[in-house]
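Student: As input, take model.cif (mmCIF, C-alpha atoms):
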```
data_upload
#
loop_
_atom_site.label_atom_id
_atom_site.label_comp_id
_atom_site.auth_asym_id
_atom_site.auth_seq_id
_atom_site.Cartn_x
_atom_site.Cartn_y
_atom_site.Cartn_z
CA MET N 19 39.97 -38.71 14.99
CA ASN N 20 40.86 -35.43 13.34
CA LYS N 21 43.25 -36.03 10.46
CA SER N 22 44.99 -32.69 10.83
CA GLY N 23 44.84 -32.92 14.61
CA LEU N 24 47.89 -32.11 16.65
CA VAL N 25 48.46 -35.65 17.81
CA ILE N 26 48.36 -37.12 14.30
CA ARG N 27 50.62 -34.41 12.90
CA LEU N 28 53.08 -34.81 15.74
CA ALA N 29 52.99 -38.57 15.43
CA ILE N 30 53.78 -38.36 11.72
CA VAL N 31 56.64 -35.92 12.31
CA ILE N 32 58.10 -37.99 15.15
CA VAL N 33 57.79 -41.29 13.31
CA PHE N 34 59.48 -39.89 10.19
CA THR N 35 62.19 -38.22 12.22
CA ALA N 36 62.75 -41.42 14.16
CA ILE N 37 63.03 -43.44 10.93
CA ILE N 38 65.45 -40.97 9.30
CA VAL N 39 67.58 -40.50 12.40
CA GLY N 40 67.48 -44.26 13.00
CA LEU N 41 68.67 -45.00 9.45
CA ILE N 42 71.49 -42.46 9.65
CA THR N 43 72.56 -43.63 13.11
CA THR N 44 72.49 -47.26 12.06
CA GLN N 45 74.55 -46.59 8.94
CA LEU N 46 77.08 -44.50 10.83
CA PHE N 47 77.25 -47.03 13.63
CA TYR N 48 77.74 -49.84 11.12
CA ARG N 49 80.65 -48.01 9.48
CA PHE N 50 82.25 -47.22 12.83
CA THR N 51 81.72 -50.73 14.11
CA PHE N 52 83.20 -52.22 10.97
CA LEU N 53 86.26 -49.97 11.12
CA ASN N 54 86.56 -50.66 14.81
CA GLU N 55 86.28 -54.41 14.27
CA GLN N 56 88.90 -54.22 11.55
CA ALA N 57 91.23 -52.34 13.88
CA LEU N 58 90.51 -54.86 16.63
CA GLY N 59 91.09 -57.69 14.17
CA LYS N 60 94.46 -56.19 13.21
CA GLN N 61 95.26 -55.84 16.89
CA SER N 62 94.28 -59.45 17.57
CA ILE N 63 96.39 -60.60 14.63
CA ASN N 64 99.29 -58.56 15.97
CA GLN N 65 98.83 -60.19 19.35
CA LEU N 66 98.73 -63.61 17.72
CA TYR N 67 101.88 -62.70 15.84
CA GLN N 68 103.53 -61.74 19.12
CA THR N 69 102.38 -65.07 20.58
CA VAL N 70 103.83 -67.20 17.79
CA LEU N 71 106.84 -64.94 17.22
CA PRO N 72 109.37 -66.91 19.34
CA THR N 73 108.44 -70.22 17.70
CA ALA N 74 108.08 -68.64 14.26
CA SER N 75 111.49 -67.03 14.43
CA ILE N 76 113.08 -70.30 15.55
CA ALA N 77 111.24 -72.10 12.75
CA GLY N 78 112.37 -69.47 10.25
CA TYR N 79 115.92 -69.52 11.55
CA LEU N 80 116.27 -73.27 11.35
CA GLY N 81 114.16 -73.61 8.21
CA ASP N 82 112.48 -76.46 10.06
CA LYS N 83 109.44 -77.69 8.18
CA GLU N 84 107.76 -79.33 11.17
CA LEU N 85 108.06 -76.31 13.39
CA THR N 86 106.98 -73.97 10.58
CA MET N 87 103.95 -76.15 9.90
CA GLU N 88 103.11 -76.07 13.60
CA VAL N 89 103.11 -72.26 13.58
CA VAL N 90 101.02 -72.01 10.39
CA ASN N 91 98.49 -74.56 11.64
CA GLY N 92 98.35 -72.87 15.00
CA LEU N 93 97.62 -69.53 13.36
CA ILE N 94 94.80 -70.74 11.10
CA THR N 95 92.89 -72.30 14.00
CA ASN N 96 91.97 -68.73 14.93
CA ASP N 97 88.67 -67.36 13.61
CA ILE N 98 90.18 -64.11 12.44
CA ILE N 99 92.84 -65.75 10.27
CA THR N 100 91.87 -67.53 7.06
CA ALA N 101 95.29 -68.42 5.79
CA ALA N 102 98.92 -68.18 6.82
CA ALA N 103 102.31 -68.96 5.38
CA ILE N 104 105.96 -68.79 6.33
CA GLN N 105 108.69 -68.30 3.81
CA THR N 106 112.33 -68.79 4.68
CA ASP N 107 115.46 -68.89 2.53
CA THR N 108 114.99 -72.60 2.00
CA ILE N 109 111.32 -73.50 2.49
CA MET N 110 107.83 -72.13 1.96
CA VAL N 111 105.12 -73.58 4.16
CA LYS N 112 101.56 -72.40 3.59
CA SER N 113 98.05 -73.35 4.60
CA ASP N 114 95.81 -74.91 1.92
CA ASN N 115 93.85 -71.79 0.99
CA PHE N 116 96.75 -69.36 1.06
CA SER N 117 97.03 -66.97 -1.85
CA GLN N 118 98.99 -63.79 -1.47
CA SER N 119 97.05 -60.59 -2.09
CA LYS N 120 97.20 -56.91 -1.26
CA ALA N 121 95.39 -57.51 2.01
CA THR N 122 97.91 -60.10 3.16
CA LEU N 123 99.73 -58.95 6.27
CA GLU N 124 103.47 -59.48 6.25
CA TYR N 125 105.76 -59.81 9.21
CA ILE N 126 109.49 -60.12 8.85
CA LEU N 127 110.94 -62.85 11.05
CA PHE N 128 114.29 -62.23 12.67
CA SER N 129 116.76 -64.73 14.00
CA PRO N 130 116.12 -65.44 17.67
CA PHE N 131 119.83 -64.91 18.28
CA GLN N 132 120.64 -61.96 16.05
CA LYS N 133 117.93 -59.34 16.07
CA GLU N 134 119.09 -57.75 12.83
CA ARG N 135 119.32 -60.95 10.80
CA SER N 136 116.10 -61.59 8.89
CA VAL N 137 115.37 -65.27 8.45
CA GLY N 138 112.02 -65.26 6.67
CA THR N 139 108.58 -63.76 6.34
CA LEU N 140 105.30 -64.64 8.00
CA PHE N 141 102.19 -64.03 5.86
CA VAL N 142 98.79 -63.76 7.47
CA GLU N 143 95.41 -63.27 5.79
CA ALA N 144 92.78 -61.69 8.00
CA ASN N 145 89.29 -63.16 7.83
CA GLU N 146 87.42 -60.13 6.47
CA ASP N 147 84.15 -62.10 6.30
CA TYR N 148 84.40 -62.95 9.96
CA LEU N 149 85.00 -59.30 10.82
CA ARG N 150 82.08 -58.26 8.57
CA VAL N 151 79.74 -60.80 10.13
CA LYS N 152 80.79 -59.64 13.58
CA ALA N 153 80.24 -55.97 12.65
CA ASN N 154 76.89 -56.91 11.10
CA ASN N 155 75.77 -58.68 14.24
CA ILE N 156 76.71 -55.75 16.42
CA SER N 157 74.99 -53.36 14.01
CA GLU N 158 71.84 -55.48 13.92
CA THR N 159 71.60 -55.39 17.67
CA ASN N 160 72.17 -51.65 17.53
CA THR N 161 69.46 -51.18 14.87
CA PHE N 162 67.02 -53.15 16.99
CA VAL N 163 67.88 -51.06 20.05
CA VAL N 164 67.53 -47.80 18.08
CA ALA N 165 64.17 -48.97 16.69
CA ILE N 166 62.87 -49.85 20.14
CA GLU N 167 64.16 -46.55 21.45
CA ALA N 168 62.46 -44.64 18.62
CA LEU N 169 59.22 -46.54 19.25
CA ILE N 170 59.28 -45.76 22.96
CA ILE N 171 60.06 -42.09 22.32
CA THR N 172 57.28 -41.87 19.72
CA VAL N 173 54.69 -43.44 21.98
CA ILE N 174 55.70 -41.32 24.96
CA SER N 175 55.74 -38.14 22.85
CA ILE N 176 52.27 -38.89 21.49
CA LEU N 177 50.88 -39.69 24.92
CA VAL N 178 52.45 -36.59 26.44
CA THR N 179 51.16 -34.41 23.60
CA TYR N 180 47.69 -35.88 23.95
CA PHE N 181 47.43 -35.62 27.71
CA VAL N 182 49.38 -32.41 28.22
CA ILE N 183 48.37 -30.34 25.18
CA THR N 184 45.58 -31.73 23.05
CA ARG N 185 43.20 -32.87 25.77
CA PRO N 186 43.30 -29.64 27.84
CA ILE N 187 42.79 -27.60 24.64
CA LEU N 188 39.89 -29.83 23.63
CA SER N 189 38.34 -29.51 27.08
CA ILE N 190 38.67 -25.72 26.92
CA GLY N 191 37.03 -25.79 23.47
CA ASN N 192 34.20 -28.02 24.66
CA ALA N 193 33.60 -25.83 27.73
CA LEU N 194 33.54 -22.78 25.46
CA HIS N 195 30.84 -24.43 23.31
CA LEU N 196 28.56 -24.82 26.34
CA ILE N 197 28.97 -21.29 27.64
CA ARG N 198 26.28 -18.65 27.03
CA PRO N 199 27.99 -15.31 26.49
CA GLY N 200 26.93 -12.54 28.83
CA THR N 201 26.40 -14.85 31.77
CA THR N 202 28.63 -15.36 34.75
CA GLU N 203 29.69 -18.75 33.40
CA ARG N 204 33.42 -19.20 33.02
CA ILE N 205 35.58 -22.04 31.79
CA ASP N 206 37.62 -24.07 34.25
CA LYS N 207 41.36 -23.75 34.05
CA PRO N 208 42.86 -27.28 33.60
CA ARG N 209 44.35 -28.35 36.90
CA SER N 210 47.76 -29.20 35.49
CA HIS N 211 47.98 -25.94 33.57
CA GLN N 212 47.63 -23.35 36.29
CA LYS N 213 50.71 -21.49 35.11
CA SER N 214 51.28 -22.80 31.60
CA GLU N 215 50.40 -21.29 28.21
CA ILE N 216 47.19 -23.30 28.17
CA GLY N 217 46.26 -21.89 31.60
CA GLN N 218 46.97 -18.44 30.18
CA LEU N 219 44.70 -19.20 27.22
CA ALA N 220 41.91 -20.18 29.63
CA ASP N 221 42.55 -16.95 31.57
CA ASP N 222 42.38 -14.93 28.36
CA VAL N 223 39.15 -16.65 27.32
CA ASN N 224 37.68 -15.92 30.76
CA ASP N 225 38.79 -12.27 30.48
CA LEU N 226 37.06 -12.08 27.11
CA LEU N 227 33.92 -13.64 28.61
CA ALA N 228 34.00 -11.13 31.45
CA LYS N 229 34.32 -8.23 28.99
CA THR N 230 31.43 -9.60 26.92
CA GLU N 231 29.32 -9.93 30.04
CA LEU N 232 30.09 -6.36 31.07
CA GLN N 233 29.30 -5.05 27.60
CA MET N 234 26.02 -6.92 27.49
CA LEU N 235 25.05 -5.58 30.89
CA GLN N 236 25.82 -2.05 29.74
CA GLU N 237 23.77 -2.52 26.58
CA LYS N 238 20.85 -3.92 28.58
CA SER N 239 20.76 -0.91 30.89
CA LEU N 240 21.09 1.44 27.92
CA ARG N 241 18.15 -0.29 26.24
CA GLY N 242 16.07 0.16 29.40
CA GLU N 243 16.83 3.85 29.46
CA VAL N 244 15.86 4.21 25.81
CA GLN N 245 12.60 2.35 26.50
CA ILE N 246 11.69 4.71 29.38
CA LEU N 247 12.49 7.75 27.25
CA GLU N 248 10.40 6.35 24.41
CA SER N 249 7.39 5.64 26.61
CA ARG N 250 7.57 9.12 28.11
CA PHE N 251 7.75 10.73 24.72
CA ARG N 252 4.87 8.55 23.53
CA MET N 253 2.75 9.65 26.53
CA LEU N 254 3.56 13.30 25.79
CA PHE N 255 2.64 12.83 22.15
CA GLU N 256 -0.56 10.87 22.78
CA ASN N 257 -1.88 13.16 25.47
CA ALA N 258 -0.90 16.50 23.94
CA PRO N 259 -3.94 18.93 23.71
CA SER N 260 -2.95 19.87 20.17
CA ALA N 261 -3.46 17.68 17.15
CA ILE N 262 -0.08 16.49 15.97
CA ALA N 263 0.77 14.53 12.91
CA LEU N 264 3.99 13.52 11.27
CA VAL N 265 3.67 13.90 7.49
CA ASP N 266 6.24 13.04 4.89
CA PRO N 267 6.87 15.25 1.82
CA GLN N 268 4.42 13.15 -0.26
CA GLY N 269 1.60 13.96 2.11
CA ASP N 270 1.43 10.54 3.74
CA ILE N 271 0.65 10.69 7.42
CA LEU N 272 3.14 8.60 9.25
CA LEU N 273 2.03 9.24 12.82
CA TYR N 274 -0.81 11.17 14.50
CA ASN N 275 -2.25 11.51 17.96
CA HIS N 276 -5.70 11.13 19.34
CA ASN N 277 -6.57 14.86 19.08
CA PHE N 278 -5.58 14.85 15.39
CA GLU N 279 -7.96 11.94 14.84
CA GLN N 280 -10.77 13.79 16.55
CA LEU N 281 -10.03 16.96 14.60
CA ILE N 282 -10.24 15.11 11.30
CA GLU N 283 -13.49 13.53 12.36
CA LYS N 284 -14.99 16.91 13.39
CA LEU N 285 -13.89 18.53 10.12
CA LYS N 286 -15.21 15.46 8.34
CA LEU N 287 -12.11 15.34 6.20
CA PRO N 288 -11.75 12.21 4.21
CA VAL N 289 -8.70 10.19 5.15
CA LYS N 290 -7.67 7.71 2.67
CA LYS N 291 -6.27 4.67 4.36
CA LYS N 292 -3.28 3.34 2.60
CA LEU N 293 -3.10 -0.37 2.60
CA TRP N 294 0.38 -1.74 2.30
CA MET V 18 121.47 -55.43 60.76
CA GLY V 19 119.32 -55.30 57.61
CA LYS V 20 121.42 -52.45 56.29
CA PHE V 21 124.61 -54.42 56.94
CA LYS V 22 123.22 -57.41 55.04
CA ARG V 23 122.23 -55.22 52.17
CA THR V 24 125.68 -53.66 52.03
CA ILE V 25 127.26 -57.13 51.97
CA ALA V 26 124.88 -58.22 49.23
CA LEU V 27 125.74 -55.14 47.19
CA LEU V 28 129.42 -55.77 47.71
CA ILE V 29 129.11 -59.38 46.57
CA LEU V 30 127.09 -58.26 43.55
CA THR V 31 129.74 -55.66 42.67
CA VAL V 32 132.49 -58.25 42.97
CA CYS V 33 130.52 -60.62 40.75
CA ILE V 34 129.99 -57.95 38.11
CA PHE V 35 133.66 -57.07 38.17
CA SER V 36 134.68 -60.70 37.95
CA VAL V 37 132.48 -61.10 34.85
CA LYS V 38 133.86 -57.92 33.34
CA ALA V 39 137.37 -58.94 34.09
CA GLN V 40 136.89 -62.43 32.67
CA GLU V 41 139.37 -63.29 29.98
CA PRO V 42 138.14 -63.54 26.40
CA LEU V 43 136.66 -66.80 25.21
CA VAL V 44 138.04 -68.24 22.02
CA ILE V 45 136.41 -70.63 19.60
CA VAL V 46 138.80 -73.33 18.55
CA VAL V 47 139.00 -76.16 16.04
CA ASN V 48 141.51 -78.91 15.44
CA LYS V 49 144.65 -77.53 13.81
CA ASN V 50 144.09 -79.91 10.88
CA ASN V 51 140.75 -78.33 10.12
CA PRO V 52 141.04 -76.27 6.88
CA VAL V 53 138.68 -73.63 8.28
CA GLU V 54 140.69 -70.53 9.18
CA GLN V 55 138.04 -68.18 10.42
CA LEU V 56 134.31 -68.18 11.13
CA SER V 57 131.89 -65.32 11.31
CA ARG V 58 129.64 -64.74 14.29
CA SER V 59 126.60 -65.86 12.28
CA GLU V 60 128.31 -69.06 11.21
CA LEU V 61 129.23 -69.75 14.82
CA ILE V 62 125.66 -69.19 15.97
CA ASP V 63 124.37 -71.42 13.18
CA LEU V 64 126.75 -74.20 14.26
CA PHE V 65 126.10 -73.98 17.97
CA MET V 66 122.34 -73.37 17.72
CA GLY V 67 121.77 -76.26 15.35
CA LYS V 68 120.92 -74.50 12.06
CA TYR V 69 123.81 -76.14 10.27
CA VAL V 70 125.73 -79.24 11.20
CA ALA V 71 128.62 -78.54 8.85
CA PHE V 72 131.44 -76.05 8.42
CA PRO V 73 131.18 -73.57 5.53
CA ASN V 74 133.29 -76.01 3.48
CA ASP V 75 130.53 -78.63 3.88
CA VAL V 76 132.56 -80.82 6.20
CA LYS V 77 130.50 -82.19 9.07
CA ALA V 78 130.97 -80.23 12.28
CA ILE V 79 130.78 -81.57 15.82
CA PRO V 80 130.31 -78.83 18.41
CA VAL V 81 131.83 -79.72 21.76
CA GLU V 82 130.19 -78.32 24.85
CA LEU V 83 130.73 -78.30 28.56
CA ASP V 84 128.23 -80.11 30.73
CA GLY V 85 125.81 -78.50 33.11
CA GLU V 86 125.96 -74.85 34.00
CA GLN V 87 129.62 -74.01 34.10
CA ASN V 88 130.66 -70.38 34.12
CA ILE V 89 132.47 -70.61 30.81
CA LYS V 90 129.37 -72.04 29.19
CA ILE V 91 127.12 -69.36 30.69
CA HIS V 92 129.58 -66.74 29.55
CA PHE V 93 129.85 -68.23 26.08
CA TYR V 94 126.12 -68.13 25.39
CA LYS V 95 125.76 -64.72 26.95
CA GLU V 96 128.40 -63.40 24.57
CA LEU V 97 127.36 -65.35 21.49
CA VAL V 98 123.57 -65.02 21.44
CA GLY V 99 122.90 -62.66 24.34
CA MET V 100 120.80 -65.20 26.20
CA PRO V 101 120.98 -66.77 29.64
CA LEU V 102 121.71 -70.46 29.61
CA ALA V 103 118.19 -71.26 30.79
CA ARG V 104 116.75 -69.78 27.61
CA VAL V 105 119.26 -71.62 25.45
CA ASN V 106 118.23 -74.86 27.18
CA ALA V 107 114.56 -73.97 26.67
CA TYR V 108 115.32 -73.48 22.98
CA TRP V 109 116.77 -76.96 22.76
CA SER V 110 113.89 -78.45 24.71
CA ARG V 111 111.47 -76.93 22.24
CA LEU V 112 113.43 -78.32 19.31
CA ARG V 113 113.47 -81.79 20.84
CA PHE V 114 109.69 -81.96 20.29
CA THR V 115 110.09 -81.41 16.57
CA GLY V 116 112.43 -84.38 16.38
CA ARG V 117 115.61 -82.37 15.84
CA LYS V 118 118.68 -83.89 17.46
CA ARG V 119 121.44 -81.87 18.98
CA ALA V 120 124.71 -82.68 17.30
CA ALA V 121 126.85 -81.43 20.16
CA VAL V 122 129.08 -83.65 22.26
CA PHE V 123 129.27 -82.86 25.99
CA LYS V 124 132.40 -82.93 28.13
CA SER V 125 132.55 -82.43 31.87
CA ASN V 126 135.67 -80.20 31.98
CA GLU V 127 138.02 -78.17 29.84
CA GLU V 128 140.77 -80.83 29.79
CA ASP V 129 138.44 -83.46 28.34
CA LEU V 130 137.14 -80.90 25.87
CA ILE V 131 140.65 -80.03 24.67
CA ALA V 132 141.55 -83.69 24.40
CA PHE V 133 138.42 -84.39 22.36
CA ILE V 134 139.10 -81.52 19.95
CA MET V 135 142.71 -82.60 19.50
CA ALA V 136 141.55 -86.13 18.70
CA ASN V 137 138.85 -85.17 16.15
CA ASP V 138 139.34 -83.01 13.05
CA GLN V 139 135.68 -82.04 12.77
CA THR V 140 135.18 -80.66 16.23
CA ILE V 141 134.65 -77.09 17.33
CA GLY V 142 134.53 -75.81 20.89
CA TYR V 143 135.07 -72.82 23.16
CA LEU V 144 137.77 -72.21 25.76
CA PRO V 145 139.25 -69.41 27.83
CA GLU V 146 142.10 -67.84 25.91
CA SER V 147 144.70 -69.03 28.43
CA LEU V 148 144.01 -72.72 27.75
CA ILE V 149 144.87 -72.66 24.06
CA THR V 150 147.49 -75.20 22.99
CA ALA V 151 149.50 -75.53 19.82
CA ASP V 152 147.18 -78.27 18.56
CA LEU V 153 144.19 -75.94 18.49
CA LYS V 154 143.32 -73.27 15.97
CA VAL V 155 141.43 -70.16 17.00
CA VAL V 156 138.69 -69.30 14.52
CA TYR V 157 136.88 -66.60 16.50
CA ILE V 158 137.48 -64.53 19.64
CA LEU V 159 134.46 -63.58 21.75
CA ASN V 160 134.33 -60.39 23.86
CA GLU V 161 137.61 -58.97 22.55
#
```
Starting from the file, lay out its structure as structure tokens.
Tutor:
Amino acid sequence: MNKSGLVIRLAIVIVFTAIIVGLITTQLFYRFTFLNEQALGKQSINQLYQTVLPTASIAGYLGDKELTMEVVNGLITNDIITAAAIQTDTIMVKSDNFSQSKATLEYILFSPFQKERSVGTLFVEANEDYLRVKANNISETNTFVVAIEALIITVISILVTYFVITRPILSIGNALHLIRPGTTERIDKPRSHQKSEIGQLADDVNDLLAKTELQMLQEKSLRGEVQILESRFRMLFENAPSAIALVDPQGDILLYNHNFEQLIEKLKLPVKKKLW
Amino acid sequence: MGKFKRTIALLILTVCIFSVKAQEPLVIVVNKNNPVEQLSRSELIDLFMGKYVAFPNDVKAIPVELDGEQNIKIHFYKELVGMPLARVNAYWSRLRFTGRKRAAVFKSNEEDLIAFIMANDQTIGYLPESLITADLKVVYILNE
């Protein structure tokens, strides 16, 4: 296969483009997915907070250790929460792995009976690893899909290029190789390219062939005419009653007729024959 | 006919609303021997909702309540914590599971309630303003 052939070149371009676009898309998608998952995680945590809020606010209000523990334990059974804690005026209940950091979400708990009276704080730590793993999984699937998509597009592009462009051009080229210029032979226009650029190319080639044929015909007839003229002139020259010779400035006889030959013989003039 | 029924229903509803609006203020009372002179709303809530079982002076408190779903009781909780009685009961049901006991004593009518407060120094209860006697001390007035 031709190394600088259209198909190879196109394949290289498409494959590289697919890889670059795929990488960029995957990276972008990963970022978006991660941010999205984080937002969803926050939303889920907010929903969980809303779910435990009535119990948590009662627990905070009463400073009841059992009830507080129940809320904390309930919260950490969720995948997206690694640790939780509730602090009230009197008690602090936290899950084993709780350590307050910047990322810790804080919710103020209000008394269930007086909405403006704060009775404690609920701390929740989101499971960033879980969110990352989830985003990774989604991204992996996406990468796989993009790769498959790129592969399919590449294969289809190559096939289309080969069957629609390269093969008709090659067939035109091959037909052109077999054609003898000046004959009535013409190349066939590919069936699927009656109106396309390749069809136009075939038309142009056929036009060129027709012009060549015409020119050759003209030349042939011209040559015939010249031949007739030449033979007539020769007859006139050969059969002229006078002796005629064509002599160059050095005295070499280039051409002479029969009468000249006879004249020389009658005059017995020596003719030196020049041997080339 | 339907329209007539609806009008009646509306009328009854209006009367009900007016009767609630026109209800006399509820007062929170303690035994006159109780050294507590006044309680804040928060302290009252804490006593009746089970956060504390003692008066601010650390003396044990016994809240006295009316049984069942009497109007005064409904009114009291509506005014104190802004909740219907059903939700207050749900609150207590929830607490029962954590092993917390309700310190309140229940009486079936106002007379028994007054008698119980007069007999015990540590009690606290709620009554319509008109039922106050000389042996009771008002520490808070709801819906003034």
Student: Run the PyMOL selection byres ((chain N) within 8 of (chain V)) mentally over the shown coordinates, then write out the matched residues as a compact mmCIF listing (two decimals) with C-alpha atoms, in the frame of the given file, using the chain letters and numbers from the document.
Tutor:
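Done, and the output landed in result_17.txt:
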```txt
# COMPACT_ATOMS: atom_id res chain seq x y z
CA TYR N 79 115.92 -69.52 11.55
CA LEU N 80 116.27 -73.27 11.35
CA GLY N 81 114.16 -73.61 8.21
CA GLU N 84 107.76 -79.33 11.17
CA LEU N 85 108.06 -76.31 13.39
CA PHE N 131 119.83 -64.91 18.28
CA GLN N 132 120.64 -61.96 16.05
```
Student: Using the file's own x, y and z axes, so that the box edges lie along x, y and z, what centre and edge lengths in Å (one decimal) does a box around every listed atom of range 113-126 of chain V get when 4 Å is added on each side? Give it as JSON.
Tutor:
```
{"center_x": 122.7, "center_y": -82.3, "center_z": 23.9, "size_x": 34.0, "size_y": 12.2, "size_z": 24.1}
```
Student: Which one of N:Arg241, N:Thr108, N:Leu194, N:Gln236 sits closest to Leu219 in chain N if you count only C-alpha atoms?
Tutor: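 Answer, going by the shortest atom-to-atom distance: N:Leu194.
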Student: Which residues fall under the PyMOL selection byres ((chain N and resi 173) around 12) in this file, as a list in words?
Tutor: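 In the shown coordinates, the PyMOL selection byres ((chain N and resi 173) around 12) covers Val25, Ile26, Leu28, Ala29, Ile30, Ile32, Val33, Ala36, Ile166, Glu167, Ala168, Leu169, Ile170, Ile171, Thr172, Ile174, Ser175, Ile176, Leu177, Val178, Thr179 and Tyr180 of chain N.
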Student: So which residues get picked by the PyMOL selection byres ((chain V and resi 136-145) around 9) here, written as JSON, numbers by chain?
Tutor: {"V": [40, 41, 42, 43, 44, 45, 46, 47, 48, 49, 50, 51, 64, 71, 72, 76, 77, 78, 79, 80, 81, 82, 83, 89, 90, 93, 127, 130, 131, 132, 133, 134, 135, 146, 147, 148, 149]}
Student: Could you please determine the separation between CA of Arg135 in chain N and CA of Gly78 in chain N in Å, to one decimal place?
Tutor: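 About the pair CA of Arg135 in chain N and CA of Gly78 in chain N: they are 11.0 Å apart.
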Student: Could you rebuild range 273-287 of chain N with N, CA and C atoms and give me the result as a short mmCIF file (atom, residue, chain, number, x, y, z; two decimals), in the coordinates of the input?
Tutor:
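rebuild.cif written:
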```cif
data_model
loop_
_atom_site.label_atom_id
_atom_site.label_comp_id
_atom_site.auth_asym_id
_atom_site.auth_seq_id
_atom_site.Cartn_x
_atom_site.Cartn_y
_atom_site.Cartn_z
N LEU N 273 2.38 9.39 11.40
CA LEU N 273 2.03 9.24 12.82
C LEU N 273 1.10 10.39 13.21
N TYR N 274 0.08 10.09 14.04
CA TYR N 274 -0.81 11.17 14.50
C TYR N 274 -1.32 10.82 15.87
N ASN N 275 -1.76 11.81 16.61
CA ASN N 275 -2.25 11.51 17.96
C ASN N 275 -3.78 11.53 18.00
N HIS N 276 -4.27 11.28 19.18
CA HIS N 276 -5.70 11.13 19.34
C HIS N 276 -6.45 12.41 18.94
N ASN N 277 -5.92 13.57 19.40
CA ASN N 277 -6.57 14.86 19.08
C ASN N 277 -6.63 15.09 17.58
N PHE N 278 -5.61 14.73 16.85
CA PHE N 278 -5.58 14.85 15.39
C PHE N 278 -6.72 14.05 14.80
N GLU N 279 -6.92 12.85 15.33
CA GLU N 279 -7.96 11.94 14.84
C GLU N 279 -9.33 12.59 15.04
N GLN N 280 -9.50 13.15 16.25
CA GLN N 280 -10.77 13.79 16.55
C GLN N 280 -11.00 15.01 15.65
N LEU N 281 -9.96 15.78 15.45
CA LEU N 281 -10.03 16.96 14.60
C LEU N 281 -10.46 16.57 13.19
N ILE N 282 -9.92 15.59 12.65
CA ILE N 282 -10.24 15.11 11.30
C ILE N 282 -11.71 14.69 11.25
N GLU N 283 -12.09 13.98 12.33
CA GLU N 283 -13.49 13.53 12.36
C GLU N 283 -14.44 14.71 12.40
N LYS N 284 -14.12 15.74 13.28
CA LYS N 284 -14.99 16.91 13.39
C LYS N 284 -15.05 17.67 12.07
N LEU N 285 -13.95 17.80 11.41
CA LEU N 285 -13.89 18.53 10.12
C LEU N 285 -14.43 17.69 8.99
N LYS N 286 -14.73 16.45 9.31
CA LYS N 286 -15.21 15.46 8.34
C LYS N 286 -14.33 15.40 7.08
N LEU N 287 -13.07 15.42 7.32
CA LEU N 287 -12.11 15.34 6.20
C LEU N 287 -11.90 13.87 5.85
#
```
